[in-house]
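Raw contents of coords_2.pdb, PDB, C-alpha atoms (C1' of nucleotides):
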ATOM      1  CA  MET Y 579      79.769  97.476  97.237
ATOM      2  CA  LYS Y 580      78.876 100.953  98.328
ATOM      3  CA  MET Y 581      81.067 103.582  96.718
ATOM      4  CA  THR Y 582      82.049 105.799  99.605
ATOM      5  CA  PRO Y 583      84.488 108.667  99.021
ATOM      6  CA  GLN Y 584      87.187 106.764 100.902
ATOM      7  CA  ARG Y 585      86.811 103.732  98.687
ATOM      8  CA  VAL Y 586      86.819 105.824  95.556
ATOM      9  CA  ALA Y 587      90.031 107.483  96.701
ATOM     10  CA  ILE Y 588      91.691 104.137  97.363
ATOM     11  CA  MET Y 589      90.548 102.730  94.053
ATOM     12  CA  ASP Y 590      91.703 105.846  92.233
ATOM     13  CA  PHE Y 591      95.102 105.505  93.773
ATOM     14  CA  LEU Y 592      95.339 101.858  92.770
ATOM     15  CA  ASP Y 593      93.943 102.231  89.278
ATOM     16  CA  GLY Y 594      96.773 101.700  86.839
ATOM     17  CA  ASN Y 595      99.306 101.814  89.634
ATOM     18  CA  GLN Y 596     102.274  99.642  88.720
ATOM     19  CA  ALA Y 597     104.358 100.324  91.800
ATOM     20  CA  HIS Y 598     102.917  97.442  93.828
ATOM     21  CA  PRO Y 599     102.201  99.653  96.834
ATOM     22  CA  SER Y 600     101.973  98.468 100.412
ATOM     23  CA  ALA Y 601      99.004  99.247 102.660
ATOM     24  CA  ASP Y 602     101.052 102.019 104.163
ATOM     25  CA  ASP Y 603     101.840 103.531 100.763
ATOM     26  CA  ILE Y 604      98.141 103.594 100.004
ATOM     27  CA  PHE Y 605      97.273 105.016 103.394
ATOM     28  CA  SER Y 606      99.892 107.748 103.174
ATOM     29  CA  SER Y 607      98.759 108.854  99.763
ATOM     30  CA  VAL Y 608      95.007 108.753 100.289
ATOM     31  CA  ARG Y 609      95.380 110.443 103.640
ATOM     32  CA  LYS Y 610      96.415 113.639 101.873
ATOM     33  CA  ARG Y 611      92.891 114.004 100.508
ATOM     34  CA  PHE Y 612      91.198 112.442 103.549
ATOM     35  CA  PRO Y 613      93.134 113.423 106.621
ATOM     36  CA  SER Y 614      90.691 111.540 108.820
ATOM     37  CA  MET Y 615      91.240 108.295 106.910
ATOM     38  CA  SER Y 616      91.844 105.306 109.131
ATOM     39  CA  PHE Y 617      94.199 102.427 108.544
ATOM     40  CA  ALA Y 618      91.361 100.023 109.150
ATOM     41  CA  THR Y 619      89.514 101.492 106.190
ATOM     42  CA  VAL Y 620      92.470 100.812 103.946
ATOM     43  CA  TYR Y 621      92.768  97.204 105.067
ATOM     44  CA  ASN Y 622      89.017  96.657 104.941
ATOM     45  CA  THR Y 623      88.774  98.059 101.442
ATOM     46  CA  LEU Y 624      91.754  96.091 100.200
ATOM     47  CA  GLU Y 625      90.349  92.877 101.604
ATOM     48  CA  ARG Y 626      87.013  93.670 100.018
ATOM     49  CA  LEU Y 627      88.543  94.382  96.636
ATOM     50  CA  ARG Y 628      90.608  91.236  96.849
ATOM     51  CA  GLY Y 629      87.487  89.213  97.570
ATOM     52  CA  GLU Y 630      85.884  90.654  94.481
ATOM     53  CA  GLY Y 631      88.905  89.829  92.373
ATOM     54  CA  GLN Y 632      89.721  93.457  91.622
ATOM     55  CA  LEU Y 633      93.072  93.249  93.350
ATOM     56  CA  MET Y 634      95.873  90.794  94.065
ATOM     57  CA  GLU Y 635      97.948  90.489  97.158
ATOM     58  CA  VAL Y 636     101.558  89.806  96.205
ATOM     59  CA  SER Y 637     103.870  88.121  98.711
ATOM     60  CA  ILE Y 638     107.018  89.515  97.256
ATOM     61  CA  ASP Y 639     108.324  91.607 100.070
ATOM     62  CA  PRO Y 640     109.145  89.638 103.205
ATOM     63  CA  ALA Y 641     108.411  92.687 105.347
ATOM     64  CA  ARG Y 642     104.930  93.626 104.172
ATOM     65  CA  LYS Y 643     102.170  92.767 101.759
ATOM     66  CA  ARG Y 644     102.098  94.512  98.421
ATOM     67  CA  TYR Y 645      99.011  95.055  96.326
ATOM     68  CA  ASP Y 646      98.594  94.819  92.581
ATOM     69  CA  PRO Y 647      95.497  96.068  90.746
ATOM     70  CA  ASP Y 648      96.537  94.064  87.692
ATOM     71  CA  THR Y 649      94.818  90.754  88.311
ATOM     72  CA  ARG Y 650      95.862  89.057  85.099
ATOM     73  CA  PRO Y 651      98.289  86.227  85.837
ATOM     74  CA  HIS Y 652     101.781  87.581  85.454
ATOM     75  CA  HIS Y 653     105.198  87.503  87.046
ATOM     76  CA  HIS Y 654     107.418  89.964  88.869
ATOM     77  CA  ILE Y 655     110.959  91.178  89.001
ATOM     78  CA  ILE Y 656     112.221  92.518  92.292
ATOM     79  CA  CYS Y 657     115.187  94.837  92.696
ATOM     80  CA  SER Y 658     117.612  93.400  95.223
ATOM     81  CA  GLY Y 659     118.819  96.928  95.865
ATOM     82  CA  CYS Y 660     115.743  98.994  96.633
ATOM     83  CA  GLY Y 661     112.877  96.516  96.582
ATOM     84  CA  ALA Y 662     111.192  98.024  93.519
ATOM     85  CA  VAL Y 663     108.880  95.621  91.747
ATOM     86  CA  ALA Y 664     107.996  95.509  88.057
ATOM     87  CA  ASP Y 665     105.699  93.249  86.070
ATOM     88  CA  ILE Y 666     106.788  90.595  83.606
ATOM     89  CA  HIS Y 667     103.976  89.721  81.225
ATOM     90  CA  ARG Y 668     105.149  86.576  79.567
ATOM     91  CA  GLU Y 669     104.226  82.959  79.716
ATOM     92  CA  PHE Y 670     106.666  80.241  80.572
ATOM     93  CA  ASP Y 671     106.510  76.504  80.190
ATOM     94  CA  LEU Y 672     106.414  75.425  83.801
ATOM     95  CA  SER Y 673     105.141  71.898  83.533
ATOM     96  CA  VAL Y 674     106.286  69.539  86.259
ATOM     97  CA  PRO Y 675     106.196  65.784  85.696
ATOM     98  CA  GLN Y 676     103.829  63.936  87.966
ATOM     99  CA  GLU Y 677     106.612  62.146  89.824
ATOM    100  CA  GLU Y 678     108.289  65.406  90.805
ATOM    101  CA  ARG Y 679     105.204  66.940  92.344
ATOM    102  CA  GLY Y 680     105.499  65.167  95.676
ATOM    103  CA  GLY Y 681     101.848  64.210  95.542
ATOM    104  CA  PHE Y 682     100.698  67.818  95.163
ATOM    105  CA  SER Y 683      98.251  68.933  92.548
ATOM    106  CA  ILE Y 684      99.294  72.126  90.763
ATOM    107  CA  ASP Y 685      96.926  74.790  89.579
ATOM    108  CA  SER Y 686      98.887  77.992  89.283
ATOM    109  CA  ASN Y 687     102.343  79.453  89.485
ATOM    110  CA  HIS Y 688     104.216  82.679  89.933
ATOM    111  CA  VAL Y 689     107.778  83.493  89.009
ATOM    112  CA  GLU Y 690     109.901  85.948  90.933
ATOM    113  CA  PHE Y 691     112.948  87.297  89.204
ATOM    114  CA  TYR Y 692     115.669  89.015  91.175
ATOM    115  CA  GLY Y 693     118.036  91.594  89.837
ATOM    116  CA  LEU Y 694     118.724  95.308  89.854
ATOM    117  CA  CYS Y 695     116.427  98.073  88.701
ATOM    118  CA  PRO Y 696     117.695 100.850  86.411
ATOM    119  CA  LYS Y 697     118.287 103.156  89.368
ATOM    120  CA  CYS Y 698     120.269 100.616  91.392
ATOM    121  CA  THR Y 699     122.390  99.314  88.531
TER     122      THR Y 699
ATOM    123  CA  MET A 724     131.283  80.494 114.234
ATOM    124  CA  LYS A 725     131.370  79.229 117.763
ATOM    125  CA  MET A 726     129.487  75.979 118.161
ATOM    126  CA  THR A 727     127.431  76.501 121.267
ATOM    127  CA  PRO A 728     124.931  73.834 122.374
ATOM    128  CA  GLN A 729     122.050  76.088 121.329
ATOM    129  CA  ARG A 730     123.439  76.538 117.851
ATOM    130  CA  VAL A 731     124.099  72.848 117.487
ATOM    131  CA  ALA A 732     120.511  72.135 118.487
ATOM    132  CA  ILE A 733     119.159  74.590 115.939
ATOM    133  CA  MET A 734     121.418  73.241 113.217
ATOM    134  CA  ASP A 735     120.472  69.673 114.092
ATOM    135  CA  PHE A 736     116.836  70.537 113.794
ATOM    136  CA  LEU A 737     117.353  72.173 110.428
ATOM    137  CA  ASP A 738     119.682  69.551 108.983
ATOM    138  CA  GLY A 739     117.788  67.685 106.287
ATOM    139  CA  ASN A 740     114.541  69.318 107.356
ATOM    140  CA  GLN A 741     112.275  69.664 104.347
ATOM    141  CA  ALA A 742     109.311  71.180 106.129
ATOM    142  CA  HIS A 743     110.455  74.799 105.628
ATOM    143  CA  PRO A 744     109.952  75.656 109.291
ATOM    144  CA  SER A 745     109.236  79.106 110.664
ATOM    145  CA  ALA A 746     111.287  80.692 113.441
ATOM    146  CA  ASP A 747     108.551  79.666 115.819
ATOM    147  CA  ASP A 748     108.633  76.036 114.657
ATOM    148  CA  ILE A 749     112.358  75.973 115.302
ATOM    149  CA  PHE A 750     111.996  77.656 118.665
ATOM    150  CA  SER A 751     109.232  75.295 119.796
ATOM    151  CA  SER A 752     111.194  72.213 118.876
ATOM    152  CA  VAL A 753     114.599  73.217 120.190
ATOM    153  CA  ARG A 754     113.029  74.500 123.377
ATOM    154  CA  LYS A 755     112.215  70.926 124.385
ATOM    155  CA  ARG A 756     115.883  70.221 124.826
ATOM    156  CA  PHE A 757     116.756  73.732 125.979
ATOM    157  CA  PRO A 758     113.876  75.070 128.030
ATOM    158  CA  SER A 759     115.749  78.300 128.663
ATOM    159  CA  MET A 760     116.236  78.956 124.953
ATOM    160  CA  SER A 761     115.399  82.494 123.917
ATOM    161  CA  PHE A 762     113.712  83.611 120.741
ATOM    162  CA  ALA A 763     116.514  86.055 120.153
ATOM    163  CA  THR A 764     118.954  83.170 119.959
ATOM    164  CA  VAL A 765     116.890  81.534 117.251
ATOM    165  CA  TYR A 766     116.725  84.706 115.178
ATOM    166  CA  ASN A 767     120.380  85.507 115.761
ATOM    167  CA  THR A 768     121.474  82.031 114.759
ATOM    168  CA  LEU A 769     119.255  81.985 111.682
ATOM    169  CA  GLU A 770     120.590  85.335 110.569
ATOM    170  CA  ARG A 771     124.118  84.113 111.141
ATOM    171  CA  LEU A 772     123.588  80.923 109.178
ATOM    172  CA  ARG A 773     121.970  82.873 106.391
ATOM    173  CA  GLY A 774     124.955  85.183 106.230
ATOM    174  CA  GLU A 775     127.219  82.169 105.862
ATOM    175  CA  GLY A 776     125.068  80.720 103.111
ATOM    176  CA  GLN A 777     124.069  77.660 105.115
ATOM    177  CA  LEU A 778     120.416  78.620 105.045
ATOM    178  CA  MET A 779     117.875  80.354 102.863
ATOM    179  CA  GLU A 780     115.017  82.563 103.916
ATOM    180  CA  VAL A 781     111.974  81.781 101.787
ATOM    181  CA  SER A 782     109.252  84.409 101.385
ATOM    182  CA  ILE A 783     106.519  81.957 100.659
ATOM    183  CA  ASP A 784     104.211  82.458 103.552
ATOM    184  CA  PRO A 785     102.762  85.974 103.765
ATOM    185  CA  ALA A 786     102.430  85.648 107.532
ATOM    186  CA  ARG A 787     105.949  84.654 108.538
ATOM    187  CA  LYS A 788     109.378  83.839 107.215
ATOM    188  CA  ARG A 789     110.218  80.234 106.480
ATOM    189  CA  TYR A 790     113.698  78.785 106.489
ATOM    190  CA  ASP A 791     115.231  76.225 104.174
ATOM    191  CA  PRO A 792     118.545  74.468 104.873
ATOM    192  CA  ASP A 793     118.723  73.385 101.239
ATOM    193  CA  THR A 794     120.589  76.268  99.650
ATOM    194  CA  ARG A 795     120.775  74.853  96.152
ATOM    195  CA  PRO A 796     118.631  76.913  93.779
ATOM    196  CA  HIS A 797     115.247  75.231  93.581
ATOM    197  CA  HIS A 798     111.556  76.006  93.505
ATOM    198  CA  HIS A 799     108.598  75.449  95.790
ATOM    199  CA  ILE A 800     105.056  74.245  95.755
ATOM    200  CA  ILE A 801     102.718  75.643  98.378
ATOM    201  CA  CYS A 802      99.503  74.007  99.481
ATOM    202  CA  SER A 803      96.643  76.482  99.266
ATOM    203  CA  GLY A 804      94.860  74.466 101.921
ATOM    204  CA  CYS A 805      97.290  74.104 104.805
ATOM    205  CA  GLY A 806     100.350  76.094 103.766
ATOM    206  CA  ALA A 807     102.632  73.046 103.508
ATOM    207  CA  VAL A 808     105.658  73.642 101.309
ATOM    208  CA  ALA A 809     107.589  71.107  99.250
ATOM    209  CA  ASP A 810     110.638  71.435  97.032
ATOM    210  CA  ILE A 811     110.673  71.196  93.267
ATOM    211  CA  HIS A 812     114.134  70.401  91.989
ATOM    212  CA  ARG A 813     113.880  71.071  88.318
ATOM    213  CA  GLU A 814     115.217  73.691  85.983
ATOM    214  CA  PHE A 815     113.013  75.782  83.773
ATOM    215  CA  ASP A 816     113.762  77.957  80.836
ATOM    216  CA  LEU A 817     112.952  81.364  82.247
ATOM    217  CA  SER A 818     114.707  83.649  79.845
ATOM    218  CA  VAL A 819     113.163  87.071  79.435
ATOM    219  CA  PRO A 820     113.925  89.141  76.324
ATOM    220  CA  GLN A 821     115.766  92.359  76.999
ATOM    221  CA  GLU A 822     112.832  94.537  75.993
ATOM    222  CA  GLU A 823     110.525  92.892  78.518
ATOM    223  CA  ARG A 824     112.790  93.431  81.484
ATOM    224  CA  GLY A 825     111.805  97.020  82.107
ATOM    225  CA  GLY A 826     115.434  98.027  82.371
ATOM    226  CA  PHE A 827     116.136  95.543  85.150
ATOM    227  CA  SER A 828     119.064  93.168  85.106
ATOM    228  CA  ILE A 829     118.155  89.613  86.087
ATOM    229  CA  ASP A 830     120.375  87.302  88.037
ATOM    230  CA  SER A 831     118.168  84.715  89.641
ATOM    231  CA  ASN A 832     114.630  83.460  89.842
ATOM    232  CA  HIS A 833     112.298  81.432  91.959
ATOM    233  CA  VAL A 834     109.058  79.737  90.973
ATOM    234  CA  GLU A 835     106.167  79.266  93.353
ATOM    235  CA  PHE A 836     103.598  76.685  92.408
ATOM    236  CA  TYR A 837     100.216  76.657  94.122
ATOM    237  CA  GLY A 838      98.034  73.628  94.526
ATOM    238  CA  LEU A 839      96.921  71.101  97.101
ATOM    239  CA  CYS A 840      99.068  68.726  99.108
ATOM    240  CA  PRO A 841      98.154  65.042  99.414
ATOM    241  CA  LYS A 842      96.434  65.632 102.754
ATOM    242  CA  CYS A 843      94.313  68.536 101.529
ATOM    243  CA  THR A 844      93.302  66.986  98.220
TER     244      THR A 844
ATOM    245  C1'  DG N1111     144.661  85.521 135.490
ATOM    246  C1'  DT N1112     142.882  89.603 133.529
ATOM    247  C1'  DT N1113     140.838  91.633 129.675
ATOM    248  C1'  DT N1114     138.136  91.426 125.616
ATOM    249  C1'  DT N1115     134.984  89.413 122.800
ATOM    250  C1'  DT N1116     131.120  86.750 121.935
ATOM    251  C1'  DG N1117     126.818  84.624 122.976
ATOM    252  C1'  DC N1118     122.915  83.941 125.954
ATOM    253  C1'  DT N1119     118.441  85.216 128.247
ATOM    254  C1'  DA N1120     114.659  88.069 129.292
ATOM    255  C1'  DG N1121     112.016  91.345 128.270
ATOM    256  C1'  DA N1122     110.998  95.697 126.043
ATOM    257  C1'  DA N1123     110.209  97.896 121.602
ATOM    258  C1'  DT N1124     108.679  98.033 116.852
ATOM    259  C1'  DC N1125     105.976  97.307 112.977
ATOM    260  C1'  DA N1126     102.402  95.315 110.093
ATOM    261  C1'  DT N1127      98.032  93.663 110.462
ATOM    262  C1'  DT N1128      93.624  92.473 112.600
ATOM    263  C1'  DC N1129      89.972  93.196 115.769
ATOM    264  C1'  DT N1130      86.592  95.784 118.557
ATOM    265  C1'  DT N1131      83.547  99.235 119.475
ATOM    266  C1'  DA N1132      80.904 103.180 119.004
ATOM    267  C1'  DA N1133      79.396 106.774 116.154
ATOM    268  C1'  DC N1134      77.742 107.936 111.573
ATOM    269  C1'  DT N1135      75.512 107.754 106.958
ATOM    270  C1'  DT N1136      72.135 106.368 103.932
ATOM    271  C1'  DA N1137      68.154 103.992 101.995
ATOM    272  C1'  DG N1138      63.991 102.520 102.627
ATOM    273  C1'  DA N1139      59.777 101.664 105.639
ATOM    274  C1'  DA N1140      56.300 103.566 108.331
TER     275       DA N1140
ATOM    276  C1'  DT U1343      59.262 113.560 108.263
ATOM    277  C1'  DT U1344      60.839 110.123 111.526
ATOM    278  C1'  DC U1345      62.476 105.611 112.443
ATOM    279  C1'  DT U1346      65.053 101.642 111.619
ATOM    280  C1'  DA U1347      68.385  98.538 109.692
ATOM    281  C1'  DA U1348      72.407  97.695 107.204
ATOM    282  C1'  DG U1349      76.685  98.927 106.053
ATOM    283  C1'  DT U1350      80.788 102.049 106.860
ATOM    284  C1'  DT U1351      84.102 104.645 109.262
ATOM    285  C1'  DA U1352      87.519 106.265 112.863
ATOM    286  C1'  DA U1353      90.131 105.382 116.760
ATOM    287  C1'  DG U1354      92.518 102.771 119.248
ATOM    288  C1'  DA U1355      93.389  98.308 121.432
ATOM    289  C1'  DA U1356      95.096  93.644 120.540
ATOM    290  C1'  DT U1357      97.960  90.352 118.216
ATOM    291  C1'  DG U1358     101.907  88.249 116.318
ATOM    292  C1'  DA U1359     106.334  88.238 114.089
ATOM    293  C1'  DT U1360     110.594  90.203 114.413
ATOM    294  C1'  DT U1361     114.206  93.218 116.205
ATOM    295  C1'  DC U1362     116.545  95.567 119.809
ATOM    296  C1'  DT U1363     118.654  96.316 124.436
ATOM    297  C1'  DA U1364     120.861  95.374 128.750
ATOM    298  C1'  DG U1365     123.146  92.620 131.770
ATOM    299  C1'  DC U1366     125.263  88.444 132.760
ATOM    300  C1'  DA U1367     128.073  84.245 131.578
ATOM    301  C1'  DA U1368     131.344  81.779 129.018
ATOM    302  C1'  DA U1369     135.128  81.449 125.995
ATOM    303  C1'  DA U1370     139.160  83.362 123.738
ATOM    304  C1'  DA U1371     143.009  86.449 123.570
ATOM    305  C1'  DC U1372     146.595  88.384 125.710
TER     306       DC U1372
END

Please express what this file holds, its structure, as structure tokens.
Amino acid sequence: MKMTPQRVAIMDFLDGNQAHPSADDIFSSVRKRFPSMSFATVYNTLERLRGEGQLMEVSIDPARKRYDPDTRPHHHIICSGCGAVADIHREFDLSVPQEERGGFSIDSNHVEFYGLCPKCT
Amino acid sequence: MKMTPQRVAIMDFLDGNQAHPSADDIFSSVRKRFPSMSFATVYNTLERLRGEGQLMEVSIDPARKRYDPDTRPHHHIICSGCGAVADIHREFDLSVPQEERGGFSIDSNHVEFYGLCPKCT
DNA sequence: GTTTTTGCTAGAATCATTCTTAACTTAGAA
DNA sequence: TTCTAAGTTAAGAATGATTCTAGCAAAAAC
């Protein structure tokens, strides 16, 4: 993967970012340094990073995709008020007996918690 | 809520439906009986039913909203192959210690399991 | 029966995302 | 250097889901 300035800027923005930004959040921020930045570049880079396992797409927000640079398996808590998302790093016992799996095999899981963030409480 | 023929048709389609249909699935099916049916009517009715608690919106599919007439709290398993969704009716111990909640309050949760459905296995 | 409210259709508008195309950059070959 | 090929970008068009708007029709309220 060629490290172009645009890609570096996107990766810098994502690095350590715990806000679970949307493509638009990333675009808006990186655009400040690269006013000519295109939306396509953001999506292309995100898809590329996802393919390389450096990034996770999280389907948490029904309106848009959110991206998470923390690729370790973990869970999320979503604020019902403002949509803020935080990580929950904790393992749960989520075993499902064979007969309750409806014939599906299971190989991973993800828990979404809903509640209110400190600001919305 | 006024029971118009269109609404009855939509509710009939949803009643007992375990396929977690999208708005388009509902539209396509109900349209057979009501060729003049409009998409707006589907969305309006779904939003109305949701408001009355007769329906849940499930953010399981990143591409589109899915609807579930089973409003009891339960979890889902999603086929990574074809996107099929099945219910998991089982309770898990998902307590999170105060100090791991990042200041959020928690009032509900939802588990997504990923795997392969019988057809895709 | 007239007025008011509600719901319907059709299509336009919006918004996120994907696709297409042409220009550009860079590395390496000649 | 010059040329070429591969990979990248910008711009904007295309797509697809969802929401909005306007006008008409039907039902409910008066």

key: For chain U, the nearest of the candidates Y:Leu627, Y:Gly594, Y:Ala641, Y:Glu635, counting all atoms listed in the file   =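 Among Y:Leu627, Y:Gly594, Y:Ala641, Y:Glu635, it is Y:Ala641 that comes nearest to chain U.
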
Could the residues of chain U that have an atom at most 10 Å from chain A be listed as JSON lines, each with its closest atom pair and the distance in Å to one decimal, counting all atoms listed in the file and ordered by chain and ascending residue number?
{"residue": "U:DG1358", "atom": "C1'", "partner": "A:Ala786", "partner_atom": "CA", "distance": 9.2}
{"residue": "U:DA1359", "atom": "C1'", "partner": "A:Arg787", "partner_atom": "CA", "distance": 6.6}
{"residue": "U:DT1360", "atom": "C1'", "partner": "A:Tyr766", "partner_atom": "CA", "distance": 8.3}
{"residue": "U:DT1361", "atom": "C1'", "partner": "A:Ala763", "partner_atom": "CA", "distance": 8.5}
{"residue": "U:DC1362", "atom": "C1'", "partner": "A:Ala763", "partner_atom": "CA", "distance": 9.5}
{"residue": "U:DA1369", "atom": "C1'", "partner": "A:Lys725", "partner_atom": "CA", "distance": 9.3}

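Atom CA of Val689 of chain Y lies 6.5 Å from atom CA of His654 of chain Y.
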
inquiry  = Just to confirm, what's the straight-line distance from atom CA of Arg824 of chain A to atom CA of Tyr692 of chain Y in Å (one decimal)?
reply    = 11.0 Å

message = Measuring between only C-alpha atoms (C1' of nucleotides), which one of Y:Gly681, Y:Pro640, Y:Pro613, Y:Gly659 shows the shortest distance to chain N?
response = Y:Pro640
